[in-house]
Amino acid sequence: MYAYDEIDRTLVNERVSEFRDQVKRRLSGELTEDEFKILRLQNGVYLQLHAYMFRVAIPYGTLASNQLRALAHVARKYDRGYGHFTTRQNIQFNWIKLAELPDALADLAEVGIHAMQTSGNNMRNVTSDQWAGVAPGEIEDPRIWSELIRQHTTLHPEFSFLPRKFKIAITASDHDRAAIKIHDIGLKLIKNEKGETGFEVLVGGGLGRTPFIGKTIKHFVHGRDILSYIEAILRVYNQYGRRDNIYKARIKILVHELGIEKFSREVEDEWQHIRNSSLQIDDEVIEDIRSRFTYPNYEKLPHMPDELRQAAADADFEAWRKNSVSPHKVQGYSIVTISLKPIGAPPGDATAEQMDALADLADKYSFGEIRVGHEQNLVLPHVAKRDLPALWKALDKLGLATPNVNLITDIIACPGLDYCSLANARSIPIAQELTRRFANHELANLIGRLHINISGCINACGHHHVGHIGILGVEKNGEEVYQITIGGRADEGAALGNLIGPGVKFDEVADVIEDVVEAYLALRERPEELFIDTVKRLGVEPFKERVYATR
Amino acid sequence: MPLVNGGKIVDDSFVKLAVDTPLPEAGDILVPAERFVGEAEALLKRAGKVGVIWPNNRDIDGLVPYLGKVATVALVFPTFRDGRAYSQARLLRERYNYRGDLRATGQILRDQFVFMLRAGFDSFEVKKQADAEAFMQTAKRYSVFYQPTGDGRITALHRRMQLRHSEGVGT
């Protein structure tokens with residue numbers, strides 16, 4: 001856990017009081033809605049279809065139990081008793097009242113949580129691997145660097161009014177759980193031949209109307225230079241990124257229009273001016289940040305405790321364990337993923353009661369720590385293996401032990417037309433119907449790893465381009481129509497999916513997905529060949545033939 | 001539109017010239033970049049101060065030869081969501097060591113004051129009277145800064161180092 005010091009707390013409080021003044025000026029009419037819009041967006045407040053929506057940052061997906069309780073408190077006191085975890089390690093509350101927002105922020109500030117830059121054309125929440133610090137084989141804990149970058153990007157005096165939003169993600173593992181290739185800047189922590197820490201830097205990834213996979217702009221930037229290098233990228237973008245058309249304003253378009261070679265030369269020129277400035281980070285500063293991350297005092301525990309051996313006889317426990325429990329870097333411990341995708345419910349939602357109870361379970365079983373992943377699930381990162389059976393029982397009572405992590409019902413979806421004023425089509429009801437169709441655990445298990453991503457409009461908040469199966473809702477002649485792609489992925493092998501045929505109506509989506517899955521089961525070479533690998537081997541055609549033959 | 005300088009509302013001695021306004025005989029003038037570059041020699045020879053209004057899509061390099069000669073540089077925020085002039089300001093201050101007056105013009109609200117001060121602005125054409133009056137109060141709104149810029153305010157990272165070292169001396 002990173003502990004805020006007096007300096008960090010002061011800044012958060014100063015931001016709350018500034019926002020309080022802005023709300024007051026809006027309510028008194030001193031600020032027009034046009035003026036206020038930019039200001040509220042800088043602080044995570046959107047105007048949705050029915051009410052204001054409030055987005056709170058969970059930097060690099062790390063939460064302490066008291067912070068999760070504070071989120072539960074906000075859900076209960078200022079909202080309708082639940083929150084929605086997003087694909088960028090944020091939580092959203094959908095029914096906030098403007099006049100109460102400053103108080104909600106003040107309550108969150110008490111536990112070091114804020115909503116700075118969770119929307120607007122600025123540098124957004126810095127995201128990272130939800131298994132950071134506990135994943136076996138990780139180069140080092142990427143949260144040290146995430147925090148350094150979080151601080152540097154917070155209320156930046158030069159880059160708070162960029163052409164468009166700007167997202168940074170960091171991973172330190174070969175298997176990319178942070179989706180760095182679909183970010184404006186993706187950072188992969190690596191060591192050079194001298195054993196020094198640095199980053200492979202990717203730029204220009206992003207989804208939306210014009211999706212791009214990020215390109216490597218520099219193979220190695222030394223850790224001490226990472227802030228100046230990021231600053232150089234941003235300075236080029238701030239000056240030359242397009243501002244004439246919102247759909248062409250992301251850095252991916254600038255990189256595409258200039259070409260990565262020219263863009264990287266511009267950045268290199270700028271960087272040479274500033275790399276030896278006060279932006280250079282010395283080891284002492286990094287150590288100071290590192291020293292404020294605390295790590296659990298792990299016990300020496302056996303690899304296979306009796307409790308786990310005994311519980312293995314319970315088929316339900318085993319079904320959950322196989323999908324939810326992952327290896328930890330310390331023997332005797334596990335990483336536990338908690339599915340927020342119960343059958344028939346909106347993906348990523350948690351009630352205040354669930355959040356409070358999870359905070360208690362984190363205290364009891366996970367050294368008080370919780371993580372949030374971009375798949376809209378939660379994680380208990382340090383669970384002793386001997387505690388797994390007891391934890392499972394407790395989660396099951398809370399409705400949080402659905403054994404579907406990474407299976408077809410572990411769907412990523414945006415809020416869609418049920419909440420969002422940008423949406424053209426509903427997302428949540430599609431997700432709900434699909435979870436019902438594949439509710440049978442044996443069937444889901446037989447299908448194996450398969451990610452479905454759903455977006456209710458071209459802005460792609462549900463990351464449909466990079467779903468193994470992607471579903472995009474659009475509006476055609478006043479009707480919701482869904483385009484279906486297959487073969488996308490968001491990990492280290494990131495790729496954009498391909499359309500399998502004409503769009504289908506709302507009522508037909510689940511049928512088509514069932515047909516796609518049936519085609520896969522018939523086409524796969526052996527049970528271990530994942531859906532995504534079958535698509536890679538065969539391409540779209542055989543799927544298209546089977547799915548559309550009878551339509 | 002009130003002008004704030006040195007934290008106070010002051011009279012603006014500069015008259016803004018358009019591209020084709022006849023040149024007044026005396027008095028301080030603010031001239032659009034295009035005209036300034038074309039007539040620089042004549043403009044700088046006359047009595048009265050000369051400042052230049054530099055648009056945010058024009059490369060700042062073209063202004064560098066004149067930095068020692070102008071009385072003020074006015075940068076432009078056509079709307080406050082357009083942040084290009086923050087980069088121009090920092091380049092002028094931090095790369096080209098411009099020490100003269102740097103004026104923010106356009107849609108300037110109190111909510112930008114701290115950012116602008118940090119980027120090196122010292123004069124502000126503020127859109128609303130109430131915001132101009134609230135300048136000093138608003139400028140002091142923040143005491144913690146995470147980024148090093150040319151304004152010399154100490155960053156959080158360095159403050160922590162100082163605290164660490166002073167604690168070290170005590171023990």
# chains A, B, ... in the order shown; residues from 1 in each chain; ligands from 1
$ interface_residues --of "chain A" --to "chain B" --cutoff "7 Å" --atoms "only C-alpha atoms" --output "list in words"
Ile7, Leu11, Glu14, Gln151, His152, His156, Pro157, Glu158, Phe161, Leu162, Arg235, Asn238, Gln239, Ser278, Leu279 and Val285 of chain A
$ residues_around --residues "A:Leu254" --least-positions-apart "2" --cutoff "8 Å" --atoms "only C-alpha atoms" --output "ChimeraX atom specification"
/A:237,240-242,249-252,256-259,263
$ write_last_selection --atoms "C-alpha atoms" --output "CSV table (one decimal), in the first residue's frame"
chain,number,residue,atom,x,y,z
A,237,TYR,CA,1.1,16.6,-28.4
A,240,TYR,CA,0.5,19.9,-32.5
A,241,GLY,CA,-2.4,17.6,-31.6
A,242,ARG,CA,-5.5,18.5,-33.6
A,249,ALA,CA,-7.8,14.9,-31.4
A,250,ARG,CA,-6.2,11.9,-29.6
A,251,ILE,CA,-2.5,11.5,-29.8
A,252,LYS,CA,-3.0,8.3,-31.9
A,256,HIS,CA,-0.7,8.2,-37.4
A,257,GLU,CA,-0.6,11.5,-39.5
A,258,LEU,CA,3.0,12.3,-38.8
A,259,GLY,CA,4.1,8.6,-38.8
A,263,PHE,CA,6.7,11.8,-34.4
$ residues_around --residues "stretch 211-223 of chain A" --least-positions-apart "3" --cutoff "8 Å" --atoms "only C-alpha atoms" --output "PyMOL selection string"
chain A and resi 180-186+190+192+196-208+226+229+252+260+264+281+465+494-496
$ write_last_selection --atoms "N, CA and C atoms" --output "mmCIF file, in the first residue's frame"
data_model
loop_
_atom_site.group_PDB
_atom_site.id
_atom_site.type_symbol
_atom_site.label_atom_id
_atom_site.label_comp_id
_atom_site.auth_asym_id
_atom_site.auth_seq_id
_atom_site.Cartn_x
_atom_site.Cartn_y
_atom_site.Cartn_z
ATOM 1 N N ILE A 180 -1.603 -2.185 -21.994
ATOM 2 C CA ILE A 180 -0.793 -0.989 -22.307
ATOM 3 C C ILE A 180 -0.813 -0.636 -23.794
ATOM 4 N N LYS A 181 -1.099 -1.626 -24.641
ATOM 5 C CA LYS A 181 -1.049 -1.334 -26.079
ATOM 6 C C LYS A 181 -2.267 -0.574 -26.583
ATOM 7 N N ILE A 182 -3.261 -0.405 -25.740
ATOM 8 C CA ILE A 182 -4.407 0.402 -26.178
ATOM 9 C C ILE A 182 -4.485 1.696 -25.371
ATOM 10 N N HIS A 183 -3.322 2.165 -24.919
ATOM 11 C CA HIS A 183 -3.258 3.429 -24.182
ATOM 12 C C HIS A 183 -2.484 4.490 -24.978
ATOM 13 N N ASP A 184 -2.711 5.760 -24.621
ATOM 14 C CA ASP A 184 -1.990 6.842 -25.293
ATOM 15 C C ASP A 184 -0.493 6.679 -25.083
ATOM 16 N N ILE A 185 -0.115 6.397 -23.824
ATOM 17 C CA ILE A 185 1.258 5.958 -23.560
ATOM 18 C C ILE A 185 1.170 4.639 -22.813
ATOM 19 N N GLY A 186 1.868 3.633 -23.313
ATOM 20 C CA GLY A 186 1.986 2.363 -22.615
ATOM 21 C C GLY A 186 3.430 2.191 -22.178
ATOM 22 N N ILE A 190 11.258 -2.699 -17.934
ATOM 23 C CA ILE A 190 12.253 -3.706 -18.324
ATOM 24 C C ILE A 190 13.598 -3.369 -17.697
ATOM 25 N N ASN A 192 17.776 -3.137 -18.608
ATOM 26 C CA ASN A 192 18.711 -3.156 -19.729
ATOM 27 C C ASN A 192 19.851 -4.137 -19.429
ATOM 28 N N GLU A 196 19.849 -2.110 -15.244
ATOM 29 C CA GLU A 196 19.175 -0.891 -14.780
ATOM 30 C C GLU A 196 17.703 -0.912 -15.197
ATOM 31 N N THR A 197 16.891 -0.297 -14.348
ATOM 32 C CA THR A 197 15.457 -0.279 -14.611
ATOM 33 C C THR A 197 15.101 0.830 -15.589
ATOM 34 N N GLY A 198 14.249 0.487 -16.538
ATOM 35 C CA GLY A 198 13.772 1.497 -17.484
ATOM 36 C C GLY A 198 12.489 1.023 -18.123
ATOM 37 N N PHE A 199 12.146 1.647 -19.225
ATOM 38 C CA PHE A 199 10.859 1.350 -19.851
ATOM 39 C C PHE A 199 10.979 1.235 -21.363
ATOM 40 N N GLU A 200 10.265 0.251 -21.904
ATOM 41 C CA GLU A 200 9.930 0.335 -23.321
ATOM 42 C C GLU A 200 8.705 1.236 -23.386
ATOM 43 N N VAL A 201 8.763 2.259 -24.246
ATOM 44 C CA VAL A 201 7.673 3.236 -24.294
ATOM 45 C C VAL A 201 6.875 3.048 -25.582
ATOM 46 N N LEU A 202 5.570 2.854 -25.418
ATOM 47 C CA LEU A 202 4.672 2.770 -26.573
ATOM 48 C C LEU A 202 3.807 4.018 -26.609
ATOM 49 N N VAL A 203 3.416 4.407 -27.807
ATOM 50 C CA VAL A 203 2.604 5.611 -27.906
ATOM 51 C C VAL A 203 1.523 5.414 -28.979
ATOM 52 N N GLY A 204 0.416 6.097 -28.787
ATOM 53 C CA GLY A 204 -0.584 6.163 -29.861
ATOM 54 C C GLY A 204 -1.549 5.006 -29.932
ATOM 55 N N GLY A 205 -1.657 4.229 -28.867
ATOM 56 C CA GLY A 205 -2.702 3.210 -28.853
ATOM 57 C C GLY A 205 -4.018 3.837 -28.421
ATOM 58 N N GLY A 206 -5.114 3.204 -28.762
ATOM 59 C CA GLY A 206 -6.402 3.725 -28.318
ATOM 60 C C GLY A 206 -7.510 3.093 -29.129
ATOM 61 N N LEU A 207 -8.729 3.153 -28.600
ATOM 62 C CA LEU A 207 -9.847 2.506 -29.281
ATOM 63 C C LEU A 207 -10.731 3.580 -29.898
ATOM 64 N N GLY A 208 -11.995 3.636 -29.522
ATOM 65 C CA GLY A 208 -12.863 4.676 -30.062
ATOM 66 C C GLY A 208 -13.124 4.496 -31.545
ATOM 67 N N ILE A 226 12.249 8.999 -17.120
ATOM 68 C CA ILE A 226 10.899 8.708 -17.610
ATOM 69 C C ILE A 226 9.982 9.931 -17.546
ATOM 70 N N TYR A 229 10.828 12.196 -20.453
ATOM 71 C CA TYR A 229 10.413 11.622 -21.739
ATOM 72 C C TYR A 229 8.899 11.763 -21.935
ATOM 73 N N LYS A 252 -3.153 9.347 -30.898
ATOM 74 C CA LYS A 252 -3.017 8.285 -31.902
ATOM 75 C C LYS A 252 -3.138 8.841 -33.317
ATOM 76 N N ILE A 260 5.213 7.305 -37.159
ATOM 77 C CA ILE A 260 5.918 7.126 -35.887
ATOM 78 C C ILE A 260 7.358 7.646 -35.963
ATOM 79 N N SER A 264 8.531 10.468 -33.469
ATOM 80 C CA SER A 264 9.557 10.166 -32.472
ATOM 81 C C SER A 264 10.746 11.125 -32.598
ATOM 82 N N ILE A 281 15.011 12.128 -12.244
ATOM 83 C CA ILE A 281 14.665 11.618 -10.915
ATOM 84 C C ILE A 281 15.891 10.940 -10.330
ATOM 85 N N HIS A 465 -13.309 -3.524 -29.432
ATOM 86 C CA HIS A 465 -12.328 -3.882 -30.480
ATOM 87 C C HIS A 465 -11.376 -4.978 -30.027
ATOM 88 N N ALA A 494 -1.774 -7.741 -28.316
ATOM 89 C CA ALA A 494 -2.972 -6.939 -28.633
ATOM 90 C C ALA A 494 -3.275 -6.888 -30.126
ATOM 91 N N ALA A 495 -4.554 -7.065 -30.448
ATOM 92 C CA ALA A 495 -5.008 -7.025 -31.836
ATOM 93 C C ALA A 495 -6.440 -6.534 -31.855
ATOM 94 N N LEU A 496 -6.840 -5.973 -33.003
ATOM 95 C CA LEU A 496 -8.209 -5.517 -33.165
ATOM 96 C C LEU A 496 -9.020 -6.625 -33.816
#
$ atom_distance --atom1 "atom CA of B:Gly62" --atom2 "atom CA of B:Glu125"
23.8 Å
$ select_by_dssp --residues "stretch 35-134 of chain B" --states "helix (DSSP H, G or I)" --output "MDAnalysis selection string"
chainID B and resid 35:45 60:66 84:95 110:119 129:133
$ write_last_selection --atoms "C-alpha atoms" --output "mmCIF file, in the first residue's frame"
data_model
loop_
_atom_site.group_PDB
_atom_site.id
_atom_site.type_symbol
_atom_site.label_atom_id
_atom_site.label_comp_id
_atom_site.auth_asym_id
_atom_site.auth_seq_id
_atom_site.Cartn_x
_atom_site.Cartn_y
_atom_site.Cartn_z
ATOM 1 C CA ARG B 35 2.088 42.875 -38.265
ATOM 2 C CA PHE B 36 4.794 42.994 -35.630
ATOM 3 C CA VAL B 37 7.145 40.725 -37.565
ATOM 4 C CA GLY B 38 6.508 42.706 -40.775
ATOM 5 C CA GLU B 39 7.049 46.152 -39.266
ATOM 6 C CA ALA B 40 9.260 45.367 -36.292
ATOM 7 C CA GLU B 41 11.935 47.934 -37.024
ATOM 8 C CA ALA B 42 9.527 50.859 -37.426
ATOM 9 C CA LEU B 43 7.416 49.825 -34.464
ATOM 10 C CA LEU B 44 10.346 49.535 -32.120
ATOM 11 C CA LYS B 45 11.750 52.911 -33.130
ATOM 12 C CA ILE B 60 7.384 30.527 -30.718
ATOM 13 C CA ASP B 61 10.808 30.330 -32.412
ATOM 14 C CA GLY B 62 9.811 33.266 -34.624
ATOM 15 C CA LEU B 63 9.491 35.494 -31.567
ATOM 16 C CA VAL B 64 12.858 34.656 -30.056
ATOM 17 C CA PRO B 65 14.927 37.322 -31.930
ATOM 18 C CA TYR B 66 12.699 40.074 -30.490
ATOM 19 C CA ARG B 84 -1.399 25.464 -26.184
ATOM 20 C CA ALA B 85 -0.234 28.772 -24.723
ATOM 21 C CA TYR B 86 0.847 27.058 -21.503
ATOM 22 C CA SER B 87 3.555 25.294 -23.514
ATOM 23 C CA GLN B 88 4.512 28.521 -25.265
ATOM 24 C CA ALA B 89 4.782 30.306 -21.927
ATOM 25 C CA ARG B 90 7.037 27.680 -20.410
ATOM 26 C CA LEU B 91 9.249 27.630 -23.492
ATOM 27 C CA LEU B 92 9.620 31.424 -23.366
ATOM 28 C CA ARG B 93 10.500 31.404 -19.686
ATOM 29 C CA GLU B 94 12.449 28.209 -19.331
ATOM 30 C CA ARG B 95 14.131 27.696 -22.701
ATOM 31 C CA ARG B 110 -9.906 32.373 -11.956
ATOM 32 C CA ASP B 111 -9.705 28.609 -12.324
ATOM 33 C CA GLN B 112 -6.627 28.965 -14.535
ATOM 34 C CA PHE B 113 -4.641 31.424 -12.380
ATOM 35 C CA VAL B 114 -2.518 28.868 -10.565
ATOM 36 C CA PHE B 115 -1.664 26.979 -13.751
ATOM 37 C CA MET B 116 -0.787 30.240 -15.468
ATOM 38 C CA LEU B 117 1.390 31.507 -12.652
ATOM 39 C CA ARG B 118 3.235 28.195 -12.671
ATOM 40 C CA ALA B 119 3.744 28.400 -16.434
ATOM 41 C CA GLN B 129 -14.553 41.464 -12.546
ATOM 42 C CA ALA B 130 -15.267 39.079 -9.649
ATOM 43 C CA ASP B 131 -12.462 36.778 -10.786
ATOM 44 C CA ALA B 132 -10.019 39.660 -11.064
ATOM 45 C CA GLU B 133 -10.916 40.757 -7.545
#
$ residues_around --residues "A:Phe19" --least-positions-apart "6" --cutoff "12 Å" --atoms "only C-alpha atoms" --output "JSON, numbers by chain"
{"A": [12, 13, 25, 26, 36, 38, 39, 40, 41, 42, 43, 44, 45, 98, 99, 100, 101, 102, 103, 104, 105, 106, 114, 115, 116], "B": [111, 141]}
$ residues_around --residues "B:Asp12" --least-positions-apart "6" --cutoff "9 Å" --atoms "only C-alpha atoms" --output "list in words"
Pro2, Leu3 and Val4 of chain B
$ residues_around --residues "stretch 539-544 of chain A" --least-positions-apart "6" --cutoff "8 Å" --atoms "only C-alpha atoms" --output "PyMOL selection string"
chain A and resi 486+498-501+516+519-520
$ select_by_dssp --residues "chain B" --states "strand (DSSP E)" --output "compact mmCIF listing (two decimals) with N, CA and C atoms, in the first residue's frame"
# COMPACT_ATOMS: atom_id res chain seq x y z
N LEU B 3 -7.36 44.18 -15.99
CA LEU B 3 -6.02 43.61 -16.11
C LEU B 3 -5.43 43.43 -14.72
N VAL B 4 -4.94 42.23 -14.44
CA VAL B 4 -4.29 41.99 -13.16
C VAL B 4 -2.80 41.86 -13.39
N ASN B 5 -2.05 42.60 -12.59
CA ASN B 5 -0.59 42.49 -12.66
C ASN B 5 -0.03 42.64 -11.26
N LYS B 8 -2.55 42.69 -8.48
CA LYS B 8 -3.55 43.76 -8.29
C LYS B 8 -4.19 44.14 -9.63
N ILE B 9 -5.40 44.69 -9.54
CA ILE B 9 -6.04 45.21 -10.75
C ILE B 9 -5.36 46.54 -11.08
N VAL B 10 -4.87 46.66 -12.30
CA VAL B 10 -4.13 47.86 -12.70
C VAL B 10 -4.74 48.41 -13.99
N PHE B 14 -1.65 49.65 -22.47
CA PHE B 14 -1.50 49.24 -23.88
C PHE B 14 -2.80 49.35 -24.66
N VAL B 15 -2.69 49.83 -25.87
CA VAL B 15 -3.81 49.83 -26.80
C VAL B 15 -3.57 48.71 -27.81
N LYS B 16 -4.60 47.89 -28.05
CA LYS B 16 -4.44 46.79 -29.01
C LYS B 16 -4.67 47.29 -30.42
N ASP B 28 1.54 53.22 -25.57
CA ASP B 28 1.96 51.81 -25.60
C ASP B 28 1.01 51.01 -26.49
N ILE B 29 1.58 50.16 -27.29
CA ILE B 29 0.74 49.40 -28.23
C ILE B 29 1.03 47.89 -28.16
N LEU B 30 -0.05 47.14 -28.37
CA LEU B 30 0.05 45.69 -28.48
C LEU B 30 -0.30 45.32 -29.92
N VAL B 31 0.61 44.64 -30.59
CA VAL B 31 0.49 44.44 -32.03
C VAL B 31 0.39 42.95 -32.36
N PRO B 32 -0.52 42.56 -33.26
CA PRO B 32 -0.59 41.15 -33.66
C PRO B 32 0.73 40.68 -34.27
N VAL B 50 6.19 48.68 -26.90
CA VAL B 50 5.58 47.80 -27.89
C VAL B 50 5.50 46.38 -27.33
N GLY B 51 4.32 45.85 -27.42
CA GLY B 51 4.15 44.44 -27.05
C GLY B 51 3.60 43.67 -28.25
N VAL B 52 3.72 42.35 -28.19
CA VAL B 52 3.26 41.55 -29.33
C VAL B 52 2.24 40.52 -28.85
N ILE B 53 1.20 40.33 -29.68
CA ILE B 53 0.21 39.28 -29.39
C ILE B 53 0.55 38.07 -30.25
N TRP B 54 0.97 37.00 -29.61
CA TRP B 54 1.46 35.84 -30.36
C TRP B 54 0.40 34.73 -30.32
N THR B 72 6.13 43.57 -23.68
CA THR B 72 5.28 42.49 -23.18
C THR B 72 5.00 41.49 -24.31
N VAL B 73 4.77 40.25 -23.91
CA VAL B 73 4.31 39.24 -24.85
C VAL B 73 2.94 38.79 -24.37
N ALA B 74 1.95 38.89 -25.25
CA ALA B 74 0.60 38.44 -24.89
C ALA B 74 0.34 37.11 -25.59
N LEU B 75 0.06 36.07 -24.81
CA LEU B 75 -0.30 34.77 -25.38
C LEU B 75 -1.81 34.60 -25.28
N VAL B 76 -2.34 33.72 -26.11
CA VAL B 76 -3.78 33.71 -26.32
C VAL B 76 -4.42 32.37 -25.94
N PHE B 77 -5.51 32.47 -25.19
CA PHE B 77 -6.35 31.31 -24.88
C PHE B 77 -7.71 31.55 -25.52
N ASP B 101 7.47 41.00 -19.28
CA ASP B 101 6.08 40.75 -18.91
C ASP B 101 5.45 39.71 -19.84
N LEU B 102 4.71 38.77 -19.24
CA LEU B 102 4.03 37.74 -20.03
C LEU B 102 2.55 37.79 -19.67
N ARG B 103 1.75 38.09 -20.67
CA ARG B 103 0.34 38.39 -20.42
C ARG B 103 -0.55 37.28 -20.98
N ALA B 104 -1.53 36.86 -20.18
CA ALA B 104 -2.53 35.88 -20.64
C ALA B 104 -3.76 36.61 -21.14
N THR B 105 -4.17 36.31 -22.36
CA THR B 105 -5.36 36.95 -22.91
C THR B 105 -6.33 35.89 -23.42
N GLY B 106 -7.58 36.30 -23.62
CA GLY B 106 -8.59 35.38 -24.12
C GLY B 106 -9.59 35.06 -23.03
N SER B 123 0.84 38.72 -16.10
CA SER B 123 -0.31 39.63 -16.30
C SER B 123 -1.48 38.83 -16.83
N PHE B 124 -2.67 39.28 -16.47
CA PHE B 124 -3.87 38.50 -16.82
C PHE B 124 -4.99 39.42 -17.22
N GLU B 125 -5.47 39.27 -18.43
CA GLU B 125 -6.68 39.98 -18.85
C GLU B 125 -7.86 39.11 -18.44
$ residues_around --residues "A:Val517" --least-positions-apart "4" --cutoff "8 Å" --atoms "only C-alpha atoms" --output "PyMOL selection string"
chain A and resi 447+513+521
$ write_last_selection --atoms "C-alpha atoms" --output "PDB file, in the first residue's frame"
ATOM      1  CA  ILE A 447     -15.710 -23.311 -23.752  1.00  0.00           C
ATOM      2  CA  ILE A 513     -23.037 -15.298 -29.992  1.00  0.00           C
ATOM      3  CA  LEU A 521     -16.495 -25.795 -30.419  1.00  0.00           C
TER       4      LEU A 521
END
$ closest_residue --among "A:Asn459, A:Ser339, A:Ser291, A:Ser427" --to "A:Val405" --atoms "only C-alpha atoms"
A:Ser339
$ closest_residue --among "A:Leu308, A:Ala362, A:Lys385, A:Thr550" --to "A:Val330" --atoms "only C-alpha atoms"
A:Lys385
$ closest_residue --among "A:Leu301, A:Ala510, A:Ala319, A:Ala490" --to "A:His175" --atoms "only C-alpha atoms"
A:Ala490
$ closest_residue --among "A:Pro429, A:Gln331, A:Gly448, A:Gln22" --to "A:Asp507" --atoms "only C-alpha atoms"
A:Pro429
